[in-house]
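Source file: protein-v6.cif; contents: mmCIF, C-alpha atoms.
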```cif
data_work
#
loop_
_atom_site.group_PDB
_atom_site.id
_atom_site.type_symbol
_atom_site.label_atom_id
_atom_site.label_comp_id
_atom_site.auth_asym_id
_atom_site.auth_seq_id
_atom_site.Cartn_x
_atom_site.Cartn_y
_atom_site.Cartn_z
ATOM 1 C CA MET I 18 155.711 91.965 65.838
ATOM 2 C CA TYR I 19 155.795 88.458 67.357
ATOM 3 C CA ILE I 20 156.587 89.902 70.790
ATOM 4 C CA ILE I 21 153.968 92.673 70.807
ATOM 5 C CA PHE I 22 150.950 90.393 70.319
ATOM 6 C CA PRO I 23 151.780 88.054 73.271
ATOM 7 C CA CYS I 24 152.457 91.111 75.463
ATOM 8 C CA ILE I 25 149.079 92.643 74.624
ATOM 9 C CA LEU I 26 147.375 89.307 75.245
ATOM 10 C CA LEU I 27 149.142 88.948 78.594
ATOM 11 C CA ILE I 28 148.081 92.456 79.652
ATOM 12 C CA LEU I 29 144.459 91.702 78.722
ATOM 13 C CA VAL I 30 144.511 88.451 80.705
ATOM 14 C CA ILE I 31 145.989 90.211 83.737
ATOM 15 C CA CYS I 32 143.339 92.965 83.518
ATOM 16 C CA ALA I 33 140.543 90.390 83.231
ATOM 17 C CA LEU I 34 141.831 88.447 86.242
ATOM 18 C CA THR I 35 142.227 91.640 88.252
ATOM 19 C CA MET I 36 138.669 92.769 87.463
ATOM 20 C CA THR I 37 137.275 89.328 88.342
ATOM 21 C CA TRP I 38 139.149 89.309 91.660
ATOM 22 C CA ARG I 39 137.986 92.860 92.419
ATOM 23 C CA LYS I 40 134.390 91.967 91.593
ATOM 24 C CA LYS I 41 134.457 89.008 93.987
ATOM 25 C CA CYS I 42 135.890 91.204 96.747
ATOM 26 C CA VAL I 43 133.139 93.812 96.289
ATOM 27 C CA MET I 44 130.391 91.158 96.284
ATOM 28 C CA LYS I 45 131.831 89.567 99.416
ATOM 29 C CA LYS I 46 131.928 92.957 101.144
ATOM 30 C CA LEU I 47 128.273 93.640 100.302
ATOM 31 C CA CYS I 48 127.192 90.194 101.493
ATOM 32 C CA HIS I 49 128.672 90.933 104.931
ATOM 33 C CA MET I 50 126.830 94.264 105.333
ATOM 34 C CA SER I 51 123.462 94.447 107.089
ATOM 35 C CA VAL I 52 120.459 96.114 105.439
ATOM 36 C CA LYS I 53 120.749 99.035 107.863
ATOM 37 C CA GLU I 54 124.438 99.502 107.039
ATOM 38 C CA LYS I 55 123.697 99.419 103.307
ATOM 39 C CA LEU I 56 120.893 101.954 103.643
ATOM 40 C CA CYS I 57 123.024 104.353 105.681
ATOM 41 C CA ARG I 58 125.924 103.993 103.256
ATOM 42 C CA LEU I 59 123.759 104.582 100.173
ATOM 43 C CA ASN I 60 122.110 107.655 101.659
ATOM 44 C CA GLU I 61 125.530 109.067 102.550
ATOM 45 C CA LEU I 62 126.510 108.645 98.906
ATOM 46 C CA VAL I 63 123.367 110.121 97.309
ATOM 47 C CA ARG I 64 122.823 113.035 99.717
ATOM 48 C CA PRO I 65 125.318 115.306 97.883
ATOM 49 C CA PHE I 66 123.184 114.817 94.759
ATOM 50 C CA GLY I 67 120.135 116.187 96.644
ATOM 51 C CA PHE I 68 118.355 112.849 97.130
ATOM 52 C CA GLU I 69 117.692 110.076 99.604
ATOM 53 C CA TYR I 70 116.725 106.449 99.051
ATOM 54 C CA LEU I 71 113.436 105.173 100.461
ATOM 55 C CA LEU I 72 113.822 101.436 100.956
ATOM 56 C CA SER I 73 110.107 100.842 101.605
ATOM 57 C CA GLN I 74 109.199 102.295 98.179
ATOM 58 C CA ASP I 75 112.412 101.403 96.325
ATOM 59 C CA ILE I 76 112.686 104.960 95.010
ATOM 60 C CA PHE I 77 114.859 108.040 95.269
ATOM 61 C CA THR I 78 113.225 111.242 96.462
ATOM 62 C CA SER I 79 114.480 114.811 96.785
ATOM 63 C CA LEU I 80 115.662 116.252 100.090
ATOM 64 C CA HIS I 81 113.936 119.284 101.555
ATOM 65 C CA ASP I 82 117.270 121.105 101.719
ATOM 66 C CA ALA I 83 118.570 119.817 98.372
ATOM 67 C CA TRP I 84 121.072 122.073 96.592
ATOM 68 C CA GLN I 85 118.623 122.392 93.676
ATOM 69 C CA ARG I 86 116.517 124.732 95.836
ATOM 70 C CA ASP I 87 118.984 127.564 95.181
ATOM 71 C CA PHE I 88 118.347 127.624 91.443
ATOM 72 C CA GLY I 89 114.578 127.947 91.090
ATOM 73 C CA TYR I 90 112.925 127.199 87.764
ATOM 74 C CA CYS I 91 112.712 128.633 84.265
ATOM 75 C CA ARG I 92 111.221 127.249 81.056
ATOM 76 C CA LEU I 93 114.700 126.569 79.677
ATOM 77 C CA TYR I 94 115.015 123.587 82.037
ATOM 78 C CA ASP I 95 112.113 121.805 80.351
ATOM 79 C CA ASN I 96 113.057 122.868 76.828
ATOM 80 C CA SER I 97 116.590 121.466 77.154
ATOM 81 C CA ALA I 98 115.745 118.392 79.266
ATOM 82 C CA SER I 99 116.064 115.873 76.430
ATOM 83 C CA LEU I 100 119.726 116.851 76.007
ATOM 84 C CA ALA I 101 120.303 115.324 79.444
ATOM 85 C CA GLY I 102 118.277 112.188 78.691
ATOM 86 C CA MET I 103 115.081 113.394 80.383
ATOM 87 C CA VAL I 104 111.930 112.825 78.337
ATOM 88 C CA PHE I 105 108.756 113.745 80.181
ATOM 89 C CA ASP I 106 105.319 115.301 80.102
ATOM 90 C CA CYS I 107 105.066 118.523 82.083
ATOM 91 C CA GLU I 108 102.083 120.543 83.260
ATOM 92 C CA PRO I 109 102.893 124.106 84.391
ATOM 93 C CA VAL I 110 100.025 125.768 86.284
ATOM 94 C CA TYR I 111 100.409 129.531 86.747
ATOM 95 C CA PHE I 112 98.309 131.565 89.169
ATOM 96 C CA ASP I 113 98.388 134.991 90.792
ATOM 97 C CA TYR I 114 98.488 135.150 94.583
ATOM 98 C CA LYS I 115 99.813 137.663 97.158
ATOM 99 C CA GLY I 116 100.888 140.131 94.468
ATOM 100 C CA CYS I 117 103.108 137.625 92.642
ATOM 101 C CA THR I 118 102.718 135.070 89.881
ATOM 102 C CA TRP I 119 103.158 131.559 91.232
ATOM 103 C CA LEU I 120 103.836 128.279 89.464
ATOM 104 C CA ILE I 121 103.066 124.708 90.467
ATOM 105 C CA GLU I 122 104.420 122.301 87.883
ATOM 106 C CA LEU I 123 104.040 118.546 87.515
ATOM 107 C CA TRP I 124 106.323 116.206 85.562
ATOM 108 C CA LYS I 125 106.198 112.481 84.728
ATOM 109 C CA GLY I 126 108.348 110.409 82.422
ATOM 110 C CA GLN I 127 111.778 108.913 81.860
ATOM 111 C CA TYR I 128 114.894 110.366 83.503
ATOM 112 C CA GLY I 129 117.834 108.420 82.111
ATOM 113 C CA ILE I 130 117.370 104.884 83.457
ATOM 114 C CA ASN I 131 114.797 106.120 85.990
ATOM 115 C CA THR I 132 111.033 106.358 85.658
ATOM 116 C CA GLY I 133 109.646 109.072 87.868
ATOM 117 C CA ALA I 134 107.502 112.069 88.650
ATOM 118 C CA GLU I 135 107.877 115.478 90.277
ATOM 119 C CA ILE I 136 105.801 118.329 91.626
ATOM 120 C CA GLY I 137 107.270 121.706 92.577
ATOM 121 C CA ILE I 138 106.160 125.166 93.624
ATOM 122 C CA TYR I 139 107.847 128.451 92.610
ATOM 123 C CA LYS I 140 107.037 132.136 92.386
ATOM 124 C CA ALA I 141 108.177 135.186 90.448
ATOM 125 C CA ASP I 142 109.274 138.499 91.942
ATOM 126 C CA SER I 143 106.015 140.171 90.877
ATOM 127 C CA LEU I 144 102.909 139.719 88.749
ATOM 128 C CA ILE I 145 103.905 138.782 85.204
ATOM 129 C CA SER I 146 102.001 138.542 81.945
ATOM 130 C CA ARG I 147 101.478 135.361 79.912
ATOM 131 C CA GLY I 148 104.084 136.506 77.417
ATOM 132 C CA GLN I 149 106.738 136.801 80.144
ATOM 133 C CA ARG I 150 106.278 133.301 81.569
ATOM 134 C CA SER I 151 108.713 131.579 79.227
ATOM 135 C CA THR I 152 111.564 133.955 80.082
ATOM 136 C CA THR I 153 110.977 134.543 83.807
ATOM 137 C CA LEU I 154 113.096 132.954 86.520
ATOM 138 C CA PHE I 155 110.849 131.600 89.269
ATOM 139 C CA HIS I 156 112.255 131.169 92.778
ATOM 140 C CA THR I 157 111.447 128.509 95.337
ATOM 141 C CA VAL I 158 109.150 129.716 98.104
ATOM 142 C CA PRO I 159 109.591 130.070 101.898
ATOM 143 C CA ASP I 160 108.645 127.135 104.108
ATOM 144 C CA GLU I 161 105.558 128.879 105.503
ATOM 145 C CA ASP I 162 103.986 128.985 102.015
ATOM 146 C CA LEU I 163 104.657 125.358 101.111
ATOM 147 C CA PRO I 164 101.687 123.067 100.430
ATOM 148 C CA PHE I 165 101.453 119.467 101.569
ATOM 149 C CA TYR I 166 101.741 117.097 98.599
ATOM 150 C CA GLU I 167 100.757 113.506 98.084
ATOM 151 C CA ILE I 168 101.677 112.010 94.718
ATOM 152 C CA THR I 169 101.041 108.524 93.379
ATOM 153 C CA LEU I 170 102.597 107.429 90.101
ATOM 154 C CA HIS I 171 100.746 104.790 88.092
ATOM 155 C CA ASP I 172 102.145 102.659 85.269
ATOM 156 C CA MET I 173 98.941 102.137 83.317
ATOM 157 C CA ASN I 174 96.681 100.917 86.167
ATOM 158 C CA THR I 175 99.458 99.683 88.451
ATOM 159 C CA PRO I 176 100.706 102.036 91.212
ATOM 160 C CA LEU I 177 104.508 102.263 91.313
ATOM 161 C CA TYR I 178 104.846 104.305 94.498
ATOM 162 C CA ARG I 179 103.239 106.913 96.728
ATOM 163 C CA VAL I 180 105.045 109.704 98.575
ATOM 164 C CA ALA I 181 103.603 112.445 100.771
ATOM 165 C CA GLN I 182 105.350 115.423 102.339
ATOM 166 C CA ARG I 183 105.218 119.183 102.818
ATOM 167 C CA HIS I 184 107.788 120.177 100.272
ATOM 168 C CA TRP I 185 108.943 122.689 97.673
ATOM 169 C CA TRP I 186 109.875 119.916 95.190
ATOM 170 C CA LEU I 187 108.538 116.439 95.908
ATOM 171 C CA THR I 188 109.870 113.691 93.644
ATOM 172 C CA GLY I 189 110.020 109.949 93.200
ATOM 173 C CA PHE I 190 112.356 108.068 90.831
ATOM 174 C CA ARG I 191 112.340 104.275 90.283
ATOM 175 C CA MET I 192 115.768 103.220 89.024
ATOM 176 C CA GLY I 193 116.177 100.487 86.430
ATOM 177 C CA TYR I 194 112.676 101.009 85.035
ATOM 178 C CA TYR I 195 111.599 102.223 81.608
ATOM 179 C CA ARG I 196 108.298 103.746 80.477
ATOM 180 C CA GLU I 197 107.171 106.271 77.906
ATOM 181 C CA PRO I 198 105.580 109.390 79.466
ATOM 182 C CA GLU I 199 102.148 108.617 77.977
ATOM 183 C CA GLN I 200 102.116 105.253 79.803
ATOM 184 C CA LEU I 201 102.235 107.029 83.168
ATOM 185 C CA THR I 202 99.546 108.777 85.188
ATOM 186 C CA LEU I 203 100.323 110.983 88.152
ATOM 187 C CA LYS I 204 97.655 111.438 90.793
ATOM 188 C CA ALA I 205 98.323 114.619 92.754
ATOM 189 C CA GLU I 206 96.746 115.655 96.037
ATOM 190 C CA ILE I 207 97.608 119.088 97.424
ATOM 191 C CA THR I 208 96.643 120.698 100.721
ATOM 192 C CA PHE I 209 97.215 124.456 100.607
ATOM 193 C CA PRO I 210 98.065 126.778 103.522
ATOM 194 C CA SER I 211 94.977 128.934 102.799
ATOM 195 C CA TYR I 212 91.667 128.956 100.940
ATOM 196 C CA GLU I 213 92.851 131.953 98.905
ATOM 197 C CA MET I 214 95.847 130.038 97.596
ATOM 198 C CA LEU I 215 93.664 127.039 96.727
ATOM 199 C CA ASN I 216 91.161 129.208 94.836
ATOM 200 C CA ALA I 217 93.969 130.904 92.901
ATOM 201 C CA PHE I 218 95.405 127.519 91.948
ATOM 202 C CA VAL I 219 92.001 126.248 90.800
ATOM 203 C CA ARG I 220 91.705 129.269 88.512
ATOM 204 C CA GLY I 221 95.131 128.384 87.093
ATOM 205 C CA LEU I 222 94.041 124.792 86.463
ATOM 206 C CA THR I 223 90.912 125.891 84.593
ATOM 207 C CA GLU I 224 93.017 128.270 82.471
ATOM 208 C CA CYS I 225 95.201 125.242 81.563
ATOM 209 C CA GLY I 226 92.152 123.364 80.319
ATOM 210 C CA TYR I 227 91.028 121.338 83.339
ATOM 211 C CA SER I 228 87.297 121.308 84.030
ATOM 212 C CA TYR I 229 85.732 121.319 87.488
ATOM 213 C CA SER I 230 84.639 117.711 86.886
ATOM 214 C CA ASP I 231 88.363 116.773 86.773
ATOM 215 C CA LEU I 232 88.919 118.153 90.270
ATOM 216 C CA GLU I 233 87.989 116.938 93.733
ATOM 217 C CA ILE I 234 87.982 119.786 96.250
ATOM 218 C CA CYS I 235 87.380 119.581 99.981
ATOM 219 C CA ARG I 236 88.196 122.606 102.164
ATOM 220 C CA GLN I 237 91.862 123.441 101.436
ATOM 221 C CA HIS I 238 92.516 120.103 99.729
ATOM 222 C CA ILE I 239 92.423 119.335 95.999
ATOM 223 C CA SER I 240 93.129 116.151 94.046
ATOM 224 C CA PHE I 241 93.333 115.529 90.303
ATOM 225 C CA GLU I 242 95.063 113.286 87.773
ATOM 226 C CA PHE I 243 97.786 114.266 85.345
ATOM 227 C CA GLY I 244 97.603 111.827 82.451
ATOM 228 C CA THR I 245 97.302 113.473 79.066
ATOM 229 C CA PRO I 246 98.794 116.998 79.348
ATOM 230 C CA HIS I 247 96.560 120.003 78.779
ATOM 231 C CA THR I 248 99.483 122.256 77.873
ATOM 232 C CA ARG I 249 101.843 122.253 74.908
ATOM 233 C CA GLN I 250 104.794 119.901 75.457
ATOM 234 C CA PRO I 251 108.445 120.819 74.736
ATOM 235 C CA ARG I 252 109.201 117.250 73.597
ATOM 236 C CA CYS I 253 106.530 117.496 70.882
ATOM 237 C CA ARG I 254 108.601 120.225 69.239
ATOM 238 C CA GLN I 255 111.750 118.089 69.552
ATOM 239 C CA ARG I 256 110.522 114.661 68.463
ATOM 240 C CA ILE I 257 113.811 113.505 66.922
ATOM 241 C CA ARG I 258 115.868 114.679 69.889
ATOM 242 C CA ALA I 259 113.445 113.070 72.358
ATOM 243 C CA ALA I 260 113.424 109.787 70.400
ATOM 244 C CA PHE I 261 117.239 109.750 70.359
ATOM 245 C CA ALA I 262 117.318 110.414 74.117
ATOM 246 C CA GLN I 263 114.952 107.496 74.754
ATOM 247 C CA TRP I 264 117.062 105.251 72.534
ATOM 248 C CA LYS I 265 120.125 106.105 74.634
ATOM 249 C CA ASN I 266 118.137 105.580 77.839
ATOM 250 C CA ARG I 267 117.190 102.059 76.745
ATOM 251 C CA ILE I 268 120.823 101.235 75.933
ATOM 252 C CA PHE I 269 122.072 102.526 79.302
ATOM 253 C CA LEU I 270 119.297 100.620 81.046
ATOM 254 C CA ARG I 271 120.353 97.366 79.374
ATOM 255 C CA LEU I 272 123.986 98.020 80.376
ATOM 256 C CA TYR I 273 122.919 98.757 83.961
ATOM 257 C CA CYS I 274 120.894 95.531 84.133
ATOM 258 C CA HIS I 275 123.727 93.505 82.595
ATOM 259 C CA VAL I 276 126.454 94.843 84.882
ATOM 260 C CA THR I 277 124.327 94.472 88.040
ATOM 261 C CA ASN I 278 122.563 91.213 87.149
ATOM 262 C CA ASP I 279 124.094 89.460 90.192
ATOM 263 C CA PHE I 280 121.868 91.574 92.461
ATOM 264 C CA CYS I 281 118.102 91.861 92.866
ATOM 265 C CA PHE I 282 117.661 95.124 94.789
ATOM 266 C CA THR I 283 118.449 98.693 93.758
ATOM 267 C CA MET I 284 120.359 99.335 96.977
ATOM 268 C CA ASP I 285 122.737 96.426 96.315
ATOM 269 C CA LYS I 286 123.094 97.291 92.630
ATOM 270 C CA LEU I 287 124.146 100.886 93.366
ATOM 271 C CA LEU I 288 126.506 100.038 96.200
ATOM 272 C CA TYR I 289 128.118 97.485 93.906
ATOM 273 C CA LEU I 290 128.511 100.121 91.166
ATOM 274 C CA CYS I 291 129.932 102.605 93.657
ATOM 275 C CA GLU I 292 132.646 100.154 94.734
ATOM 276 C CA TYR I 293 133.302 98.454 91.406
ATOM 277 C CA MET I 294 132.598 101.214 88.834
ATOM 278 C CA PRO I 295 132.474 104.626 90.599
ATOM 279 C CA PHE I 296 132.139 106.565 87.329
ATOM 280 C CA ALA I 297 128.998 104.547 86.461
ATOM 281 C CA PHE I 298 127.523 105.274 89.899
ATOM 282 C CA ARG I 299 127.999 109.012 89.418
ATOM 283 C CA HIS I 300 126.294 108.800 86.022
ATOM 284 C CA MET I 301 123.346 106.881 87.495
ATOM 285 C CA MET I 302 122.795 109.537 90.151
ATOM 286 C CA HIS I 303 122.391 112.434 87.724
ATOM 287 C CA ILE I 304 118.649 111.841 87.990
ATOM 288 C CA ARG I 305 117.486 115.411 87.657
ATOM 289 C CA HIS I 306 119.904 118.305 87.488
ATOM 290 C CA LYS I 307 119.312 121.916 86.708
ATOM 291 C CA LYS I 308 121.743 124.519 85.510
ATOM 292 C CA LYS I 309 124.302 125.293 88.175
ATOM 293 C CA ARG I 310 124.198 129.023 87.836
ATOM 294 C CA ARG I 311 123.965 131.035 91.015
ATOM 295 C CA ARG I 312 121.390 133.767 90.844
ATOM 296 C CA LYS I 313 120.473 136.349 93.385
ATOM 297 C CA ARG I 314 117.182 135.393 95.030
ATOM 298 C CA HIS I 315 114.468 137.913 95.848
ATOM 299 C CA VAL I 316 111.391 137.563 98.012
ATOM 300 C CA CYS I 317 108.184 139.371 97.078
#
```
Would you mind writing the file out in structure tokens?
Amino acid sequence: MYIIFPCILLILVICALTMTWRKKCVMKKLCHMSVKEKLCRLNELVRPFGFEYLLSQDIFTSLHDAWQRDFGYCRLYDNSASLAGMVFDCEPVYFDYKGCTWLIELWKGQYGINTGAEIGIYKADSLISRGQRSTTLFHTVPDEDLPFYEITLHDMNTPLYRVAQRHWWLTGFRMGYYREPEQLTLKAEITFPSYEMLNAFVRGLTECGYSYSDLEICRQHISFEFGTPHTRQPRCRQRIRAAFAQWKNRIFLRLYCHVTNDFCFTMDKLLYLCEYMPFAFRHMMHIRHKKKRRRKRHVC
């Protein structure tokens, strides 16, 4: 009894000293790396997760060839999102075009310890009815049918970031930031490949509840704001689960800030976590994942 307690105490002291020494080594290593070296290293680490880090915006954004492209979209992703700590507003806009039912969906909200927004385009194998939308698997579309997106996420009246790209799934995630979905407004600007596709999308927006006064249209370009959703939200049917997810997100955010409080920039914080606490880094990078179930893809 008298021997066990000193042994345990000795082990704890040795562990504490080892962790302190390791922490100093990691910090020293980071201090000797240039910004370019850090950026290259971080992007090497996050690329397998389907993202890249944009230093100029201090955000993570999805790669054009991200692995998530293989899995498409179905309503289950949104309905089960809070189980993975994602609490957001979503706005699915369905429209018929080229003999298929298409979907452009917008999201904004909290993704773990990240505040962010997304916009993606998908299509079904054929024309589907309203009743089939919740059970249909939508596939990502070929490059020639992709629109050009420009999205700006606002926290109240303050812009957080702006990204623009021709993409199937354009995203932006600010790490170490917390906001409720209703505090965010997403301004979306979309340039379509054809007038026909634009007109079909406008019809889908009006079916959702948008009025023409909400839209700015010029040739093949349209812009509008996604603030208060016009469609029914999955999180409104899961209020307790969503509240619990946000509670966990706030706790993880506090832990993240506490552990990385020696650093000011996201790039340094994550590289530090990768070297010092690899398991925490992997958890941080599960920004937005969909079910990893391979499905056969069809093209209309």
Separation of CA of Trp84 in chain I from CA of Ala141 in chain I in Å: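 Taking CA of Ala141 in chain I and CA of Trp84 in chain I, their separation equals 19.4 Å.
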Result set of the PyMOL selection byres ((chain I and resi 57-65) around 12) on the coordinates above, as a PyMOL selection string: chain I and resi 47+50-56+66-72+76-85+283-292+295+298-304
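You can rank I:Pro198, I:Gly89, I:Gly102, I:Pro246 by their closest distance to Arg258 in chain I using all atoms listed in the file, and at the top of that list sits I:Gly102.
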Closest of I:Phe165, I:Phe241, I:Gly129, I:Asp113 to Tyr273 in chain I - atom-to-atom distances counting all atoms listed in the file: I:Gly129
Separation of CA of Gly148 in chain I from CA of Tyr166 in chain I in Å: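 If I compute the distance from CA of Tyr166 in chain I to CA of Gly148 in chain I, I get 28.8 Å.
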Atom-to-atom span, CA of Met103 in chain I and CA of Asp75 in chain I, Å: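 Separating CA of Met103 in chain I from CA of Asp75 in chain I is a distance of 20.1 Å.
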Ile138 in chain I surroundings by only C-alpha atoms, 12 Å radius, close-in-sequence under 5 positions cut, as a count of residues only: 33
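Closest approach to Leu203 in chain I from the set I:Phe243, I:Phe88, I:Phe280, I:Trp264 is made by I:Phe243, with distances taken over all atoms listed in the file.
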